[in-house]
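Novice: Got a structure here, written out as structure tokens. Questions coming.
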Amino acid sequence: MRYKINKNTISGLVLSALGLFFMLYSMSNYRIGTLQQMGPGLFPIIMGSILFVLGMMNFLQGLSETNWGKMEFEFRSFVTIIGSIVCFGIVVPVFGVIPAVVCMLLPAVMAESRLSLLESALIILTMSVVVYIVFEVLLHMPLRLFRYPF
Amino acid sequence: MLDNVILGLSEALTLNNLYWCFVGVFFGTFLGALPGIGTMVAMSLLFPLTFHLDPAAAIIMLAGIYYGTAYGGSTASILLNLPGTPASAVACFDGHQMAKQGRAGIALMVSAIGSFVGGSIGIILMMTFSPLISSLALSFGPSEYVALIVLGLVAASSISSGSPIKGVAMIVLGILLGLVGIDVNSGVPRFTFGSIEFFDGIALVALAMGLFGVAEVVVSIREAADIPAAARRVPLRSMVPTRDDVSRSWKPMLRGSGIGAFLGALPGTGATIASFMSYAAEHSLAKDPSRFGKGAIEGVAGPETANNAADQTAFIPTLTLGIPGTASMALILGILMMHNITPGPNLIVNHPDLFWGVVMSFWIGNILLVILNLPLIGIWVRLLTVPYRYVYPAILVFVCVGIYSVESKGFDVLVVAAFGAAGYIMRLLGLPPAPLLLGFVLGPMLEENFRRALLMSRGDLATFISLPISAPVLACAGLILTTSLVLWVRKLNSAR
């Protein structure tokens, strides 16, 4: 038997797994109650089982497909962009907003190979100034732009 | 009616609301003109601002961004043959041909006037029908509500072009994510995995920014090609339409308004479908259909009117029933919920100043847009050619600082990252993000009404198929789902 990997088999499996998870987790952790007096578990169980069934339908559709479908995972863009957001989230509580902006832009500019070193530096500088002007000067938001953890 | 208009004007014309209306339409046009920023990205970028505003100003601003991007989108279609928004893709067919024939100014003018006409007719219909619909809906009980929400969700997810199975699955996943947090009825924290951060649920902003903003950036970086800097100058003089243009345009505009207003108010059909339907209608009504695709002004006037009419009437179900039909409307509804205003038929009665103020601000916003768009067209055209590599770092920075400004929690930023990653993977797998957002916003409402309906009927499920409202509404939802499934299966078979 040939294994079929395409958009629909993968998404079908992921959706079914999520549905199953919500269903089983609610069954074991929350009271179900009766239809008249619904407990916190009943609604997620219903929704989880619907999601499970839909995921299985999606999976079966994928099995019946002959073409593999185009899937190109843009590894570089994905890692740099998601990584830059994570960087901001980690740095901002410790050092404040402006250092976090600089830290997040370092991976972000690497996503695009056409950005030269000078352009990248200019982007980082401009964005730091823009953030200062927009959030501090114009909007007076109560943000800690700099923080000294030491 | 007159009282309401005066009440609305007195609210919309306060300095504060005027200011935020201007901010909304200005940034709507500005962001809409930048490549790679659509309506949802623009709305989620400025969403954090709404936390610091009162609800009326918040909705006025976000709505301004919403229809501001719609105005800006057609400029890109006409001048560069690049649809700025899906709803303005139709303007490429004849609008860009007109531009090639040196009639770009007239195409832009007709598009702006059409947008204004469509918007105006949409607002008038909204003013007329909203009070009627909401007074009718006041008699609805929870079981009717369950039926209406199900209809709205099913229609919104299955009419889109892709697989109805995936659309509905995304709705259900959205509903499940909406359940995260403390259950209001039992006080039990659900799916929080012991983390206090999730007690209030997943933040709507974080979800929208991740799924739409961040995921969009990951997709667009490699795809974005540089737009040749063919920054044509479009002088005001070239915008004056000839008598022939006017006589050809006004009928398509009226028909477009009708088509757009009708489709916009229905769940699932929005501005995009309305503009295509209007184009098809003009094509089949034309005496000489061969002119279409070669710069027929009717092919610009009709669709450009239809999509703006639809954009306005989309507010009717959102503000009168509390049931949004599109992802953008779900964000508008989210503002109400954040300010502890229960969306639904009571909104007009309990908050008339809010409702009528918002409606009257649409007039002001539409007028502002015409003023902003025609004389300043040169600026927007230049924005169209900004390379995406300078735009995306700014998007990311504003996403991060924006979400952090809401509650100053680094955790929220990490949630955005998680949904950004999920959103990109969803796009790879062909799973649409818009139904997920709709399900997320409506999920708690659905559960609450489901629970109440069963409590009132003492656990009898037959309450959902009662006459005169629930049964036909649910039958309608079933019909839409089966039809779209059948159509989809047929399309799959013919593709094979």
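Naming scheme: A, B, ... for chains in displayed order of the structure tokens; residues 1 onward per chain; ligands 1 onward as shown.
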For stretch 5-22 of chain B, find every residue with an atom within 6 Å (counting only C-alpha atoms), except residues of its own chain fewer than 5 positions away, and show them as a VMD selection string.
Specialist: chain B and resid 57 60 to 61 64 356 to 357 360 to 361
Novice: Residues of stretch 68-156 of chain B within 12 Å of stretch 241-258 of chain B: nearest atom pair and distance (Å, one decimal) for each, counting only C-alpha atoms, sorted by chain and number, as JSON lines?
Specialist:
```
{"residue": "B:Met98", "atom": "CA", "partner": "B:Asp245", "partner_atom": "CA", "distance": 11.9}
{"residue": "B:Arg103", "atom": "CA", "partner": "B:Pro241", "partner_atom": "CA", "distance": 9.3}
{"residue": "B:Ala104", "atom": "CA", "partner": "B:Pro241", "partner_atom": "CA", "distance": 10.8}
{"residue": "B:Gly105", "atom": "CA", "partner": "B:Pro241", "partner_atom": "CA", "distance": 8.6}
{"residue": "B:Ile106", "atom": "CA", "partner": "B:Pro241", "partner_atom": "CA", "distance": 5.6}
{"residue": "B:Ala107", "atom": "CA", "partner": "B:Pro241", "partner_atom": "CA", "distance": 8.7}
{"residue": "B:Leu108", "atom": "CA", "partner": "B:Pro241", "partner_atom": "CA", "distance": 10.2}
{"residue": "B:Met109", "atom": "CA", "partner": "B:Pro241", "partner_atom": "CA", "distance": 7.7}
{"residue": "B:Val110", "atom": "CA", "partner": "B:Ser249", "partner_atom": "CA", "distance": 7.7}
{"residue": "B:Ser111", "atom": "CA", "partner": "B:Met253", "partner_atom": "CA", "distance": 9.8}
{"residue": "B:Ala112", "atom": "CA", "partner": "B:Met253", "partner_atom": "CA", "distance": 11.3}
{"residue": "B:Ile113", "atom": "CA", "partner": "B:Met253", "partner_atom": "CA", "distance": 9.1}
{"residue": "B:Gly114", "atom": "CA", "partner": "B:Met253", "partner_atom": "CA", "distance": 6.0}
{"residue": "B:Ser115", "atom": "CA", "partner": "B:Met253", "partner_atom": "CA", "distance": 8.9}
{"residue": "B:Phe116", "atom": "CA", "partner": "B:Met253", "partner_atom": "CA", "distance": 10.1}
{"residue": "B:Val117", "atom": "CA", "partner": "B:Met253", "partner_atom": "CA", "distance": 7.3}
{"residue": "B:Gly118", "atom": "CA", "partner": "B:Ser257", "partner_atom": "CA", "distance": 4.9}
{"residue": "B:Gly119", "atom": "CA", "partner": "B:Ser257", "partner_atom": "CA", "distance": 8.1}
{"residue": "B:Ser120", "atom": "CA", "partner": "B:Ser257", "partner_atom": "CA", "distance": 9.0}
{"residue": "B:Ile121", "atom": "CA", "partner": "B:Ser257", "partner_atom": "CA", "distance": 6.6}
{"residue": "B:Gly122", "atom": "CA", "partner": "B:Ser257", "partner_atom": "CA", "distance": 7.3}
{"residue": "B:Ile123", "atom": "CA", "partner": "B:Ser257", "partner_atom": "CA", "distance": 10.8}
{"residue": "B:Ile124", "atom": "CA", "partner": "B:Ser257", "partner_atom": "CA", "distance": 11.1}
{"residue": "B:Leu125", "atom": "CA", "partner": "B:Gly258", "partner_atom": "CA", "distance": 10.1}
```
Novice: Print the selection's residues with C-alpha atoms to a file, as a tab-separated table (two decimals), in the first residue's frame.
Specialist:
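Just written: result_2.tsv:
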```tsv
chain	number	residue	atom	x	y	z
B	98	MET	CA	-9.61	52.03	-19.41
B	103	ARG	CA	-8.87	56.97	-19.32
B	104	ALA	CA	-7.49	56.08	-15.86
B	105	GLY	CA	-8.76	59.35	-14.39
B	106	ILE	CA	-12.31	58.66	-15.49
B	107	ALA	CA	-12.18	55.07	-14.24
B	108	LEU	CA	-10.99	56.29	-10.83
B	109	MET	CA	-13.67	58.98	-10.77
B	110	VAL	CA	-16.46	56.56	-11.67
B	111	SER	CA	-15.15	54.10	-9.11
B	112	ALA	CA	-15.10	56.76	-6.38
B	113	ILE	CA	-18.55	58.07	-7.25
B	114	GLY	CA	-19.89	54.53	-7.53
B	115	SER	CA	-18.41	53.69	-4.15
B	116	PHE	CA	-20.05	56.76	-2.67
B	117	VAL	CA	-23.43	56.00	-4.28
B	118	GLY	CA	-23.28	52.36	-3.20
B	119	GLY	CA	-22.20	53.32	0.30
B	120	SER	CA	-24.99	55.89	0.58
B	121	ILE	CA	-27.71	53.52	-0.58
B	122	GLY	CA	-26.33	50.89	1.78
B	123	ILE	CA	-26.50	53.33	4.69
B	124	ILE	CA	-30.05	54.39	3.83
B	125	LEU	CA	-31.15	50.76	3.75
```
Novice: Report as a PyMOL selection string the set of chain A residues whose atoms approach chain B to within 7 Å, with distances computed over only C-alpha atoms.
Specialist: chain A and resi 7+11+35-38+40+43-44+47+51+54+58+71+77-78+81-82+85-86+88-90+92-93+101+105+108+112+127+143
Novice: Atoms to include: C-alpha atoms. Write the selected residues as a PDB file, in the first residue's frame.
Specialist:
```pdb
ATOM      1  CA  LYS A   7      -3.043  18.591   1.955  1.00  0.00           C
ATOM      2  CA  SER A  11      -5.364  18.506   7.525  1.00  0.00           C
ATOM      3  CA  LEU A  35     -29.484  18.135  28.501  1.00  0.00           C
ATOM      4  CA  GLN A  36     -31.687  20.223  30.773  1.00  0.00           C
ATOM      5  CA  GLN A  37     -28.832  21.185  33.100  1.00  0.00           C
ATOM      6  CA  MET A  38     -25.804  21.232  30.840  1.00  0.00           C
ATOM      7  CA  PRO A  40     -19.350  22.598  31.319  1.00  0.00           C
ATOM      8  CA  PHE A  43     -20.883  21.500  24.625  1.00  0.00           C
ATOM      9  CA  PRO A  44     -17.167  20.898  23.993  1.00  0.00           C
ATOM     10  CA  MET A  47     -18.241  20.243  19.144  1.00  0.00           C
ATOM     11  CA  LEU A  51     -14.754  18.252  14.468  1.00  0.00           C
ATOM     12  CA  LEU A  54     -15.377  16.447   9.729  1.00  0.00           C
ATOM     13  CA  ASN A  58     -11.454  15.453   5.034  1.00  0.00           C
ATOM     14  CA  MET A  71       2.928  22.225  -0.699  1.00  0.00           C
ATOM     15  CA  SER A  77      10.308  33.022   6.178  1.00  0.00           C
ATOM     16  CA  PHE A  78       8.501  30.907   8.735  1.00  0.00           C
ATOM     17  CA  ILE A  81       9.099  35.832  11.147  1.00  0.00           C
ATOM     18  CA  ILE A  82       7.652  33.665  13.905  1.00  0.00           C
ATOM     19  CA  ILE A  85       7.646  37.764  17.301  1.00  0.00           C
ATOM     20  CA  VAL A  86       8.839  35.288  19.933  1.00  0.00           C
ATOM     21  CA  PHE A  88       9.840  40.483  21.114  1.00  0.00           C
ATOM     22  CA  GLY A  89       7.677  38.562  23.561  1.00  0.00           C
ATOM     23  CA  ILE A  90      10.678  37.333  25.514  1.00  0.00           C
ATOM     24  CA  VAL A  92       9.991  43.106  26.164  1.00  0.00           C
ATOM     25  CA  PRO A  93       9.174  42.239  29.813  1.00  0.00           C
ATOM     26  CA  VAL A 101      11.905  46.169  18.698  1.00  0.00           C
ATOM     27  CA  LEU A 105      13.891  43.107  13.712  1.00  0.00           C
ATOM     28  CA  ALA A 108      12.874  39.669  10.728  1.00  0.00           C
ATOM     29  CA  GLU A 112      14.187  38.853   2.868  1.00  0.00           C
ATOM     30  CA  MET A 127      11.249  51.696  13.364  1.00  0.00           C
ATOM     31  CA  LEU A 143       4.507  51.682  27.882  1.00  0.00           C
TER      32      LEU A 143
END
```
Novice: If you measure from atom CA of B:Phe315 to atom CA of B:Gly213, what distance in Å do you get, rounded to one decimal?
Specialist: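 Atom CA of B:Gly213 lies 22.9 Å from atom CA of B:Phe315.
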Novice: Nearest to A:Phe21 among A:Ser84, A:Val102, A:Gly48, A:Pro107, with distances taken over only C-alpha atoms: which residue is it?
Specialist: A:Gly48
Novice: What's the 8 Å shell around A:Gly62, counting only C-alpha atoms, without same-chain residues fewer than 2 positions away, as a CSV table (one decimal) with C-alpha atoms, in the first residue's frame?
Specialist:
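Contents of the output file around35.csv:
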```csv
chain,number,residue,atom,x,y,z
A,4,LYS,CA,-0.7,9.2,0.6
A,6,ASN,CA,-1.3,15.5,0.6
A,7,LYS,CA,-3.0,18.6,2.0
A,8,ASN,CA,-6.3,16.8,2.8
A,9,THR,CA,-4.9,13.7,4.5
A,12,GLY,CA,-7.9,15.7,8.1
A,58,ASN,CA,-11.5,15.5,5.0
A,59,PHE,CA,-9.0,12.6,5.5
A,60,LEU,CA,-11.0,10.2,3.4
A,64,SER,CA,-9.2,9.3,-2.7
A,65,GLU,CA,-7.1,12.0,-4.4
```
Novice: Any idea what's packed within 10 Å of B:Thr483, counting only C-alpha atoms, ignoring anything in its chain fewer than 6 positions away? Could you give it as a list of chain:residue names?
Specialist: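 The contact residues come out as B:Ser158, B:Ile159, B:Ala477, B:Val489.
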Novice: Would you output that residue set with C-alpha atoms, as an mmCIF file, in the first residue's frame?
Specialist:
```cif
data_model
loop_
_atom_site.group_PDB
_atom_site.id
_atom_site.type_symbol
_atom_site.label_atom_id
_atom_site.label_comp_id
_atom_site.auth_asym_id
_atom_site.auth_seq_id
_atom_site.Cartn_x
_atom_site.Cartn_y
_atom_site.Cartn_z
ATOM 1 C CA SER B 158 -19.695 26.934 3.010
ATOM 2 C CA ILE B 159 -20.338 29.573 0.350
ATOM 3 C CA ALA B 477 -28.859 26.201 6.859
ATOM 4 C CA VAL B 489 -18.398 17.270 -5.143
#
```
Novice: Identify all residues of stretch 84-267 of chain B in strand (DSSP E) (DSSP on the backbone) and supply them as a ChimeraX atom specification.
Specialist: /B:181-182,189-190
Novice: Do you have the atom CA of B:Gly443-atom CA of A:Leu42 distance handy?
Specialist: 13.8 Å
Novice: Could you pull the residues within 8 Å of A:Ser49, counting only C-alpha atoms, minus those fewer than 2 positions along the same chain, as a list in words?
Specialist: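 Here the answer would be Gly19, Leu20, Met23, Ile45, Ile46, Met47, Leu51, Phe52 and Val53 of chain A.
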Novice: Write the residues of the preceding selection, restricted to N, CA and C atoms, as a compact mmCIF listing (two decimals), in the first residue's frame.
Specialist:
```txt
# COMPACT_ATOMS: atom_id res chain seq x y z
N GLY A 19 -10.15 17.39 17.38
CA GLY A 19 -11.52 17.08 17.81
C GLY A 19 -11.52 16.04 18.89
N LEU A 20 -10.76 14.98 18.66
CA LEU A 20 -10.67 13.89 19.62
C LEU A 20 -10.13 14.39 20.96
N MET A 23 -12.70 16.39 22.80
CA MET A 23 -13.76 15.50 23.26
C MET A 23 -13.31 14.73 24.50
N ILE A 45 -17.85 18.57 24.19
CA ILE A 45 -17.87 17.18 23.71
C ILE A 45 -18.60 17.10 22.37
N ILE A 46 -19.74 17.81 22.29
CA ILE A 46 -20.49 17.82 21.03
C ILE A 46 -19.62 18.40 19.91
N MET A 47 -19.03 19.57 20.17
CA MET A 47 -18.24 20.24 19.14
C MET A 47 -17.02 19.41 18.77
N LEU A 51 -16.05 17.97 15.10
CA LEU A 51 -14.75 18.25 14.47
C LEU A 51 -14.06 16.95 14.08
N PHE A 52 -14.17 15.94 14.95
CA PHE A 52 -13.57 14.64 14.65
C PHE A 52 -14.15 14.06 13.36
N VAL A 53 -15.48 14.09 13.26
CA VAL A 53 -16.14 13.52 12.07
C VAL A 53 -15.74 14.29 10.81
```
Novice: Quick one, how far is atom CA of B:Phe93 from atom CA of B:Gly264?
Specialist: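 Atom-to-atom, atom CA of B:Phe93 to atom CA of B:Gly264, that is 22.1 Å.
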